[in-house]
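Shown next, in structure tokens, is the structure this report addresses.
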Amino acid sequence: MLPRGRPRALGAAALLLVLILIGFFLFGGDLECERREQGGPGSFRCSLTPRVPPDGDLPADHGGCNRSDCVPLRPLPPKCELLHVAMVCAGHNTSRDVITLVKSMLFFRKNPLHLHLVTDAVARNILETLFHTWMVPAVRVSFYDAEELKPQVSWIPNKHYSGLYGLMKLVLPGALPPALARVIVLDTDVTFASDIAELWALFAYFSDEQVIGLVENQSDWYLGNLWRNHRPWPALGRGFNTGVILLRLDRLRQAGWEQMWKLTATQELLTLPATSLADQDIFNAIIKRHPGLVLPLPCIWNVQLSDHTLAERCYSEAADLKVIHWNSPKKLRVKNKHVEFFRNLHLTFLEYNGNLLRRELFGCPSPPPPEAEQLQRALAHLSEEDTCLEFRQQQLTVHRVHITFLPHEPPPPRPHDVTLVAQLSMDRLQMLEALCRHWPGPMSLALYLTDAEAQQFLHFVEASAVLSARQDVAYHVVYREGSLYPINQLRNVAMAQALTPYVFLSDIDLLPSYSLYDYLRASIEQLELGSGRKAALVVPAFETLHYHFTFPNSKAELLALLDAGSLYTFRSHEWPQGYAPTDYARWREAQAPYRVQWAADYEPYVVVPRDCPRYDPRFVGFGWNKVAHIVELDAQEYELLVLPEAFTIHLPHTPSPDISRFRSRPTYRDCLQILKDEFHQDLSRHYGAAALKYLTALQQPEAPQG
């Protein structure tokens, strides 16, 4: 749902105030520096970055005013001018970095943005889904295939950890649309602390010759004195850092940029073995040969927190920093005496609620995406008098979705492979390690988290030897919004991201038998489900009331525990109709799969083809979420086949908030009944006379319990 209301605006205002106060108290607020501007474009009268002699000492009277308030003030671009930003992004981890960077830009921006993202297939899949579900007003996103650009740079040996992707900024003038004249190019490891329009305004300072705007490199790297035999690429003085670039694309194309950088790289590689800092080395070699091409930018637009950084000479005198650049391989773990301040600034946006950034740009109308427009119309039709308004709003909520939040290796294609599908919230994380031990196959898990909880989850996985070793578990973060748990929306996200032909639709509180993964694959093959037979394989469910018990290794051991009273058939006391049609008495003796008939309120755990019907998203919170799905499977003529050697066991846990509300609030139960009635009506419209059996059987006086 697009956020509205005063609390969210107050939250954003509070964050802005905190950032201002942090900067004021750390750096001191009232620095004076005379604003002086040289008459013509292409230069600044005041020092942009103090020139540091090779010995590292600044003269006491260097006189440079390396401060934001000494930068000549030009008007910001018109409020509704579209600003273009380009980035290169590849892989799972870099995709997360892009999101934090975009959050920081969106927090301060007042202009529409067009993001140009050069991505590999992984990053495109992640970011396309994220921006589609984020629905931020006045933000356009265009994607460019990095695979198509690789041949242009693959001939360049590069020792930098970014690999080929670290060279792709060189080809942007040819890769971006020919009509695009100006673009800001950013590394993904930067954080904004100011409106990006201020950076865009610096294009006004370009002379007719200048085509590139860069901040001086804030280390001695290009001076060649960091260690014995250190031989960097040629550079003008300290050189320039390419983490933040202003590009005049029109002029670069006219100047023959492609031929220029390729010729320069080819000639330098005759005496140098490889680039050490990827595209930055080649940019600097070009500037060394053609110094008139570059406009040096104020240091505050790229405060570099690298190893051996000299950035303190910039930020110790700056009234307000603009862009923080984590350009050390150590990233947030870089050694710097002020790193806590910079880290806190970054973490502010890392954990910031991205839903709050779905705000309109006042006075700058922009057409909403079609999905957002449909959503707004649907929300407008809701009645404030509806006692089930909370349910209606939750059904219509479009959650931000970050698929494959952590690195993931797709399973090799196998014709009978099965992915375990489940969903969970923060209070169920402790189940993950046990689940990984019981299920050695691929998993697709949807997690309902806040932005801050997503970071806690990341650290939880990194700290677990069991979880961090599993690359076949795909975690998909669905960001929390609304008061009811969108259980079926979560299940649908996890199902949609499964990559195997079949899925085991489970819940996070159930542990499958140790051999279930192999047994399911063998059963699918033996039953010839791949030949077009429509079947849902039922995995009988049991439960224990003990938090510690010995998990059975076989059906025989399970039956012994069942007879001893240590196990029960699942929900046999609270909701027997939910699982009774499995016919547990028959299962005890069964040697082969057997068919059972659908019955009212039946909700077994099943294995189905990946392209089976999705869960009905109208069912949020607690109640009837699985029941409706089994009805849909039966309506589409899926056989229900119980597997004789399969089982899964539910472990005890504290009740969820939605269960507590279901039990304590009559209105909650009344709304669930209304949703059931509407589901019945939709069945009748879709299946006609065939739906009569459900309409009759499902008319129960008591609401279901699961």
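Following the order of the structure tokens, first chain is A, next is B, and so on, with residues numbered from 1 inside each chain and ligands from 1 in the order they appear.
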
If you run DSSP on this backbone, which residues of stretch 526-669 of chain A come out as alpha helix (DSSP H), and could you give them as a PyMOL selection string? chain A and resi 526+555-563+584-589+625-635+657-664+666-669

Å distance separating atom CA of A:Ala372 from atom CA of A:Tyr448, one decimal place: 21.6 Å

Set out as a tab-separated table a contact list for stretch 400-506 of chain A and stretch 533-548 of chain A with a cut-off of 10 Å, giving each residue of stretch 400-506 of chain A that qualifies its closest atom pair and distance in Å to one decimal, counting only C-alpha atoms, ordered by chain and rising residue number.
```
residue	atom	partner	partner_atom	distance
A:Phe504	CA	A:Leu537	CA	8.9
A:Leu505	CA	A:Val539	CA	9.6
A:Ser506	CA	A:Val539	CA	9.4
```

Put those residues in a file: all heavy atoms, as a PDB file, in the first residue's frame.
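Output file again05.pdb follows:
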```pdb
ATOM      1  N   PHE A 504       7.333 -28.600  -2.279  1.00  0.00           N
ATOM      2  CA  PHE A 504       6.731 -29.148  -1.063  1.00  0.00           C
ATOM      3  C   PHE A 504       6.250 -27.961  -0.245  1.00  0.00           C
ATOM      4  O   PHE A 504       7.041 -27.184   0.279  1.00  0.00           O
ATOM      5  CB  PHE A 504       7.748 -29.983  -0.301  1.00  0.00           C
ATOM      6  CG  PHE A 504       7.286 -30.443   1.062  1.00  0.00           C
ATOM      7  CD1 PHE A 504       5.946 -30.733   1.322  1.00  0.00           C
ATOM      8  CD2 PHE A 504       8.195 -30.602   2.107  1.00  0.00           C
ATOM      9  CE1 PHE A 504       5.522 -31.159   2.575  1.00  0.00           C
ATOM     10  CE2 PHE A 504       7.794 -31.034   3.357  1.00  0.00           C
ATOM     11  CZ  PHE A 504       6.455 -31.303   3.597  1.00  0.00           C
ATOM     12  N   LEU A 505       4.921 -27.805  -0.142  1.00  0.00           N
ATOM     13  CA  LEU A 505       4.320 -26.655   0.524  1.00  0.00           C
ATOM     14  C   LEU A 505       4.215 -26.947   2.011  1.00  0.00           C
ATOM     15  O   LEU A 505       3.301 -27.631   2.462  1.00  0.00           O
ATOM     16  CB  LEU A 505       2.948 -26.353  -0.089  1.00  0.00           C
ATOM     17  CG  LEU A 505       2.961 -26.146  -1.612  1.00  0.00           C
ATOM     18  CD1 LEU A 505       1.548 -25.876  -2.128  1.00  0.00           C
ATOM     19  CD2 LEU A 505       3.903 -25.018  -1.999  1.00  0.00           C
ATOM     20  N   SER A 506       5.159 -26.412   2.758  1.00  0.00           N
ATOM     21  CA  SER A 506       5.262 -26.710   4.181  1.00  0.00           C
ATOM     22  C   SER A 506       5.110 -25.428   4.985  1.00  0.00           C
ATOM     23  O   SER A 506       4.801 -24.361   4.451  1.00  0.00           O
ATOM     24  CB  SER A 506       6.607 -27.385   4.465  1.00  0.00           C
ATOM     25  OG  SER A 506       6.704 -27.806   5.808  1.00  0.00           O
TER      26      SER A 506
END
```

Would you please work out which residue, of A:Asp451, A:Asp583, A:Glu147, A:Asp670, is nearest to A:Leu643 when using only C-alpha atoms?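 Among the listed residues, A:Asp583 lies closest to A:Leu643.
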
Between atom CA of A:Pro273 and atom CA of A:Ile286, what is the distance, to one decimal in Å?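 Taking atom CA of A:Pro273 as the start and atom CA of A:Ile286 as the end point, the length is 17.5 Å.
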
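Every protein, DNA or RNA residue with an atom at most 10 Å from A:Ala590, where only C-alpha atoms count and chain neighbours fewer than 6 positions away do not, is listed here: Tyr584, Val642, Leu643, Pro644 and Glu645 of chain A.
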
Strand (DSSP E) call set, DSSP backbone run, stretch 558-620 of chain A, as a PyMOL selection string: chain A and resi 568-569+594-596+605-609

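For the pair atom CA of A:Ala522 and atom CA of A:Asp417, the separation is 9.3 Å.
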
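Across A:Asp386, A:Glu574, A:Glu481, A:Glu589, the tightest approach to A:Leu559 is made by A:Glu589 when counting only C-alpha atoms.
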